[in-house]
$ cat data24.csv   # CSV, C-alpha atoms
chain,number,residue,atom,x,y,z
A,595,MET,CA,0.0,0.0,0.0
A,596,GLY,CA,1.5,3.4,-1.1
A,597,LEU,CA,1.4,6.7,0.8
A,598,PHE,CA,-1.5,8.0,-1.3
A,599,ASP,CA,-3.5,4.9,-0.3
A,600,LEU,CA,-2.7,5.3,3.4
A,601,VAL,CA,-3.7,8.9,3.4
A,602,SER,CA,-6.9,8.2,1.5
A,603,LYS,CA,-7.7,5.5,4.1
A,604,CYS,CA,-7.2,7.9,6.9
A,605,MET,CA,-9.5,10.5,5.3
A,606,CYS,CA,-12.2,8.0,4.8
A,607,ILE,CA,-12.6,6.9,8.4
A,608,SER,CA,-14.7,9.9,9.4
A,609,PRO,CA,-18.1,8.6,10.7
A,610,LYS,CA,-21.2,10.5,9.9
A,611,VAL,CA,-22.8,12.4,12.7
A,612,GLY,CA,-25.1,10.0,14.5
A,613,GLU,CA,-23.0,6.9,13.6
A,614,ASN,CA,-20.8,5.4,16.4
A,615,SER,CA,-17.2,6.5,16.4
A,616,SER,CA,-14.6,3.8,16.8
A,617,THR,CA,-10.9,3.4,17.6
A,618,ASP,CA,-8.2,2.7,15.1
A,619,GLU,CA,-8.5,-1.0,16.1
A,620,GLY,CA,-12.2,-1.0,15.2
A,621,GLY,CA,-13.6,-1.3,18.7
A,622,PRO,CA,-16.1,1.1,20.2
A,623,LEU,CA,-14.7,4.5,21.4
A,624,ALA,CA,-13.8,4.4,25.1
A,625,LEU,CA,-12.2,7.3,27.0
A,626,ASN,CA,-10.9,7.2,30.6
A,627,PRO,CA,-12.2,10.5,32.1
A,628,LEU,CA,-9.1,10.8,34.3
A,629,GLU,CA,-6.9,10.8,31.3
A,630,THR,CA,-9.1,13.0,29.1
A,631,ALA,CA,-9.3,16.8,28.5
A,632,VAL,CA,-12.2,18.3,26.6
A,633,ILE,CA,-10.9,21.5,25.1
A,634,PHE,CA,-13.2,24.3,24.0
A,635,ILE,CA,-11.6,26.8,21.7
A,636,GLU,CA,-12.8,30.4,21.4
A,637,TYR,CA,-16.4,30.2,22.6
A,638,GLN,CA,-16.4,34.0,22.8
A,639,ASN,CA,-19.1,36.5,22.1
A,640,GLU,CA,-17.3,37.7,19.0
A,641,PHE,CA,-18.2,34.4,17.4
A,642,THR,CA,-21.1,32.9,19.4
A,643,THR,CA,-23.5,35.7,20.2
A,644,GLU,CA,-25.7,38.2,18.3
A,645,GLY,CA,-23.8,41.5,18.1
A,646,GLY,CA,-20.4,39.8,18.0
A,647,ALA,CA,-18.2,41.1,15.2
A,648,LEU,CA,-17.9,37.7,13.6
A,649,HIS,CA,-21.2,36.1,14.6
A,650,ASP,CA,-22.9,36.7,11.2
A,651,ASP,CA,-19.9,34.9,9.5
A,652,VAL,CA,-20.3,31.7,11.5
A,653,LYS,CA,-24.1,31.8,12.3
A,654,GLU,CA,-25.2,29.5,9.5
A,655,CYS,CA,-22.6,26.9,10.3
A,656,MET,CA,-23.3,27.1,14.0
A,657,GLU,CA,-27.0,26.5,13.3
A,658,ASP,CA,-26.2,23.6,10.9
A,659,THR,CA,-24.1,21.7,13.4
A,660,GLY,CA,-26.0,22.8,16.5
A,661,MET,CA,-22.6,23.4,18.1
A,662,ILE,CA,-23.6,25.5,21.1
A,663,ASP,CA,-26.2,23.1,22.4
A,664,ASN,CA,-23.9,20.1,21.7
A,665,SER,CA,-20.9,21.7,23.3
A,666,LYS,CA,-22.9,22.7,26.4
A,667,LYS,CA,-24.2,19.1,26.6
A,668,VAL,CA,-20.8,17.5,26.3
A,669,MET,CA,-19.1,20.0,28.6
A,670,ASP,CA,-21.6,19.4,31.4
A,671,ALA,CA,-21.5,15.6,31.0
A,672,ALA,CA,-17.7,15.4,30.7
A,673,ARG,CA,-17.3,17.6,33.8
A,674,GLU,CA,-19.7,15.4,35.8
A,675,LEU,CA,-17.9,12.2,34.7
A,676,GLY,CA,-14.6,13.6,35.9
A,677,ALA,CA,-12.8,14.7,32.7
A,678,LEU,CA,-10.8,17.9,32.7
A,679,ILE,CA,-12.6,20.9,31.0
A,680,VAL,CA,-10.3,23.4,29.4
A,681,HIS,CA,-11.3,26.7,27.8
A,682,VAL,CA,-8.9,28.4,25.3
A,683,PRO,CA,-10.0,31.9,24.4
A,684,ILE,CA,-8.0,34.2,22.2
A,685,ILE,CA,-7.3,37.6,23.7
A,686,PHE,CA,-5.3,40.7,22.8
A,687,GLU,CA,-4.3,43.7,24.8
A,688,LYS,CA,-5.3,47.2,23.7
A,689,GLY,CA,-3.7,48.1,20.4
A,690,HIS,CA,-3.2,44.4,19.5
A,691,LEU,CA,0.6,44.9,19.9
A,692,GLU,CA,1.0,41.1,20.0
A,693,ILE,CA,0.3,41.1,16.2
A,694,SER,CA,2.8,42.5,13.7
A,695,ASN,CA,2.5,46.0,12.3
A,696,LYS,CA,2.3,44.5,8.9
A,697,PRO,CA,0.0,41.5,9.4
A,698,TYR,CA,-1.7,39.5,6.7
A,699,GLY,CA,-4.3,36.7,6.6
A,700,ILE,CA,-6.7,36.2,9.5
A,701,LEU,CA,-4.6,38.0,12.1
A,702,ALA,CA,-4.7,41.2,9.9
A,703,GLY,CA,-8.5,41.2,10.2
A,704,ILE,CA,-8.4,40.7,13.9
A,705,LYS,CA,-6.0,43.6,14.4
A,706,GLU,CA,-7.8,45.9,12.0
A,707,GLY,CA,-11.2,45.2,13.6
A,708,GLU,CA,-9.8,45.3,17.2
A,709,LEU,CA,-11.4,42.0,17.9
A,710,PHE,CA,-11.1,39.9,21.0
A,711,LYS,CA,-9.7,42.8,23.0
A,712,ALA,CA,-9.1,42.1,26.7
A,713,ASP,CA,-11.8,43.3,29.1
A,714,THR,CA,-14.4,43.7,26.5
A,715,TRP,CA,-17.7,41.8,26.0
A,716,GLY,CA,-16.6,40.4,22.7
A,717,ALA,CA,-13.6,38.6,24.3
A,718,GLU,CA,-15.7,37.1,27.1
A,719,ILE,CA,-16.7,33.4,27.0
A,720,CYS,CA,-20.4,33.2,26.1
A,721,ASP,CA,-23.0,32.6,28.8
A,722,ALA,CA,-23.8,29.1,27.7
A,723,MET,CA,-20.1,28.0,28.0
A,724,LYS,CA,-19.1,29.9,31.1
A,725,PRO,CA,-16.3,28.1,33.0
A,726,SER,CA,-17.0,26.5,36.3
A,727,LYS,CA,-14.6,26.8,39.3
A,728,THR,CA,-13.2,23.3,38.4
A,729,ASP,CA,-12.4,24.2,34.8
A,730,ILE,CA,-9.1,25.6,33.6
A,731,VAL,CA,-9.0,28.8,31.4
A,732,ILE,CA,-5.8,28.9,29.3
A,733,LYS,CA,-4.1,32.3,29.0
A,734,GLY,CA,-1.9,33.7,26.3
A,735,LYS,CA,-3.5,32.5,23.0
A,736,ASN,CA,-2.5,35.1,20.5
A,737,GLY,CA,-2.3,33.0,17.4
A,738,LEU,CA,-4.1,30.1,15.8
A,739,CYS,CA,-2.8,27.1,17.7
A,740,GLY,CA,-4.0,26.5,21.2
A,741,PHE,CA,-0.5,25.3,22.2
A,742,LYS,CA,2.1,27.6,20.6
A,743,THR,CA,1.8,30.7,22.8
A,744,THR,CA,0.2,29.2,25.9
A,745,ASN,CA,0.9,26.8,28.8
A,746,LEU,CA,-1.7,24.3,27.5
A,747,ASN,CA,0.8,21.5,27.0
A,748,PHE,CA,2.2,22.0,30.5
A,749,ILE,CA,-1.3,21.9,32.1
A,750,LEU,CA,-2.3,18.8,30.2
A,751,ARG,CA,1.0,17.0,31.1
A,752,GLN,CA,0.6,18.0,34.8
A,753,GLY,CA,-2.9,16.5,34.8
A,754,GLY,CA,-1.8,13.2,33.3
A,755,VAL,CA,-3.9,13.8,30.2
A,756,GLN,CA,-3.5,11.4,27.3
A,757,ASN,CA,-6.7,12.1,25.3
A,758,VAL,CA,-7.6,15.5,23.9
A,759,VAL,CA,-11.1,16.1,22.7
A,760,LEU,CA,-11.6,19.3,20.6
A,761,GLY,CA,-14.5,21.7,19.8
A,762,GLY,CA,-14.8,25.3,18.9
A,763,PHE,CA,-13.9,27.9,16.2
A,764,LEU,CA,-12.9,27.9,13.5
A,765,THR,CA,-13.1,24.3,12.2
A,766,ASN,CA,-10.5,24.9,9.5
A,767,CYS,CA,-8.3,27.4,11.4
A,768,CYS,CA,-7.8,27.2,15.2
A,769,ILE,CA,-9.4,23.8,15.6
A,770,GLU,CA,-7.3,22.3,12.8
A,771,SER,CA,-4.1,24.0,14.0
A,772,THR,CA,-4.6,22.8,17.5
A,773,MET,CA,-5.5,19.3,16.3
A,774,ARG,CA,-2.3,19.0,14.3
A,775,ASN,CA,-0.1,20.2,17.1
A,776,ALA,CA,-1.8,17.9,19.7
A,777,TYR,CA,-1.2,15.0,17.3
A,778,GLU,CA,2.5,15.8,16.9
A,779,LEU,CA,2.8,16.2,20.7
A,780,GLY,CA,1.7,12.7,21.1
A,781,TYR,CA,-1.8,13.0,22.4
A,782,LYS,CA,-4.6,10.9,21.2
A,783,VAL,CA,-6.8,13.5,19.5
A,784,TYR,CA,-10.6,13.4,19.0
A,785,THR,CA,-12.4,16.2,17.2
A,786,MET,CA,-16.2,16.6,17.5
A,787,GLU,CA,-17.8,17.6,14.2
A,788,ASP,CA,-21.0,18.8,15.8
A,789,CYS,CA,-19.2,21.0,18.2
A,790,CYS,CA,-17.3,23.1,15.6
A,791,ALA,CA,-18.1,25.8,13.1
A,792,ALA,CA,-16.4,27.7,10.3
A,793,THR,CA,-17.3,30.7,8.1
A,794,SER,CA,-19.2,28.4,5.8
A,795,VAL,CA,-20.9,25.0,6.0
A,796,GLY,CA,-18.8,24.0,2.9
A,797,ALA,CA,-15.5,24.8,4.6
A,798,HIS,CA,-16.5,23.1,7.7
A,799,LYS,CA,-17.5,19.9,5.9
A,800,ALA,CA,-14.4,19.9,3.7
A,801,ALA,CA,-12.2,20.0,6.8
A,802,TYR,CA,-14.1,17.3,8.5
A,803,GLU,CA,-14.2,15.0,5.5
A,804,HIS,CA,-10.6,15.6,4.2
A,805,THR,CA,-8.4,16.6,7.1
A,806,PHE,CA,-9.8,15.5,10.5
A,807,GLY,CA,-9.1,11.8,9.9
A,808,MET,CA,-5.4,12.5,9.2
A,809,PHE,CA,-4.7,14.1,12.6
A,810,SER,CA,-7.5,13.0,14.9
A,811,VAL,CA,-10.3,10.5,15.4
A,812,PRO,CA,-13.4,12.3,13.9
A,813,THR,CA,-16.3,11.9,16.3
A,814,ASN,CA,-19.3,13.8,17.8
A,815,SER,CA,-20.7,14.9,21.1
A,816,ASN,CA,-22.9,11.9,21.7
A,817,ASP,CA,-20.1,9.4,21.1
A,818,VAL,CA,-17.7,11.3,23.4
A,819,ILE,CA,-20.3,11.3,26.2
A,820,HIS,CA,-20.8,7.6,25.7
A,821,ALA,CA,-17.1,6.9,25.5
A,822,LEU,CA,-16.5,8.7,28.8
A,823,SER,CA,-19.4,6.9,30.5
A,824,LEU,CA,-18.0,3.4,29.6
A,825,ASP,CA,-15.2,3.8,32.2
A,826,LYS,CA,-17.6,4.6,35.1

$ encode --input "data24.csv" --output "structure tokens"
Amino acid sequence: MGLFDLVSKCMCISPKVGENSSTDEGGPLALNPLETAVIFIEYQNEFTTEGGALHDDVKECMEDTGMIDNSKKVMDAARELGALIVHVPIIFEKGHLEISNKPYGILAGIKEGELFKADTWGAEICDAMKPSKTDIVIKGKNGLCGFKTTNLNFILRQGGVQNVVLGGFLTNCCIESTMRNAYELGYKVYTMEDCCAATSVGAHKAAYEHTFGMFSVPTNSNDVIHALSLDK
């Protein structure tokens, strides 16, 4: 079997939402809560809430996946079952000095629009996904990856985490970047299709169908809750 065949096989393992996810060995998905962190990326008002600067861009995809309701459901269940809940917001100080004076790409839009500015409503985690006192909120995310500019890896290693479950914004940007890095750091990565959203349904589905299976086990909120429950 050549490299192309192997890559194609990886990209074809994505289950449809509603189907049961499975491990690489073909058995049912099972997760030990004490070794699992469920990581919620950028559930901030700029994205999630009417009036947020980017809400209209992601609203259609959010509604298509039902991501807020699904994320809230898995967050509450995972917390109750003993998994570590981690929130990873992106936040910049006034002036967005963390970003280059000559930015390009997505960070240029963030700086120009003064988005996700510290101590503003837009940067706050939305009401539905507010952290509890047992959750961890990661600080220092100024780029696309949840690991690169933060202490996320340190927190996970300290907690004995082996499994990383991802949800959030944007499917083909910060989710994918964090997914790739978690994979290369040696975590077993699971990405919940129905807990993510992008700026279009097409972009979201393309990432899920063609990328997720290369760097994670594609799954959904119901299967993650079931998998965490098997160890109880």

$ closest_residue --input "data24.csv" --among "A:Gln752, A:Asn745, A:Ser665, A:Ser794" --to "His649 in chain A" --atoms "all atoms listed in the file"
A:Ser794

$ atom_distance --input "data24.csv" --atom1 "CA of Gly761 in chain A" --atom2 "CA of Tyr784 in chain A"
9.2 Å

$ closest_residue --input "data24.csv" --among "A:Pro812, A:Gly796, A:Gly737, A:Gly753" --to "Ser771 in chain A" --atoms "all atoms listed in the file"
A:Gly737

$ closest_residue --input "data24.csv" --among "A:Ile684, A:Ile633, A:Leu691, A:Leu822" --to "Pro725 in chain A" --atoms "only C-alpha atoms"
A:Ile633

$ residues_around --input "data24.csv" --residues "Pro627 in chain A" --least-positions-apart "6" --cutoff "10 Å" --atoms "all atoms listed in the file" --output "PyMOL selection string"
chain A and resi 672-678+755-757+821-826

$ residues_around --input "data24.csv" --residues "range 686-688 of chain A" --least-positions-apart "6" --cutoff "10 Å" --atoms "all atoms listed in the file" --output "PyMOL selection string"
chain A and resi 704-705+708-713+717+734-737

$ residues_around --input "data24.csv" --residues "Met723 in chain A" --least-positions-apart "5" --cutoff "10 Å" --atoms "all atoms listed in the file" --output "MDAnalysis selection string"
chainID A and resid 634 637:638 642 662:663 665:667 669:670 681

$ atom_distance --input "data24.csv" --atom1 "CA of Gly762 in chain A" --atom2 "CA of Gly689 in chain A"
25.4 Å

$ atom_distance --input "data24.csv" --atom1 "CA of Glu644 in chain A" --atom2 "CA of Cys720 in chain A"
10.7 Å

$ residues_around --input "data24.csv" --residues "Ala647 in chain A" --least-positions-apart "6" --cutoff "9 Å" --atoms "only C-alpha atoms" --output "PyMOL selection string"
chain A and resi 639-641+707+709+716

$ residues_near_point --input "data24.csv" --point "(2.4, 20.5, 18.5)" --cutoff "12 Å" --atoms "all atoms listed in the file" --output "ChimeraX atom specification"
/A:738-744,746-747,770-781,783,809

$ residues_around --input "data24.csv" --residues "Cys790 in chain A" --least-positions-apart "4" --cutoff "8 Å" --atoms "only C-alpha atoms" --output "number ranges by chain"
A: 656, 659, 661, 761-765, 769, 786, 798

$ closest_residue --input "data24.csv" --among "A:Val759, A:Val795, A:Ala671, A:Leu750" --to "Val632 in chain A" --atoms "all atoms listed in the file"
A:Val759

$ closest_residue --input "data24.csv" --among "A:Ile685, A:Leu623, A:Leu760, A:Ala797" --to "Ser810 in chain A" --atoms "all atoms listed in the file"
A:Leu760

$ closest_residue --input "data24.csv" --among "A:Asp817, A:Asp721, A:Glu787, A:Glu803" --to "Thr643 in chain A" --atoms "all atoms listed in the file"
A:Asp721
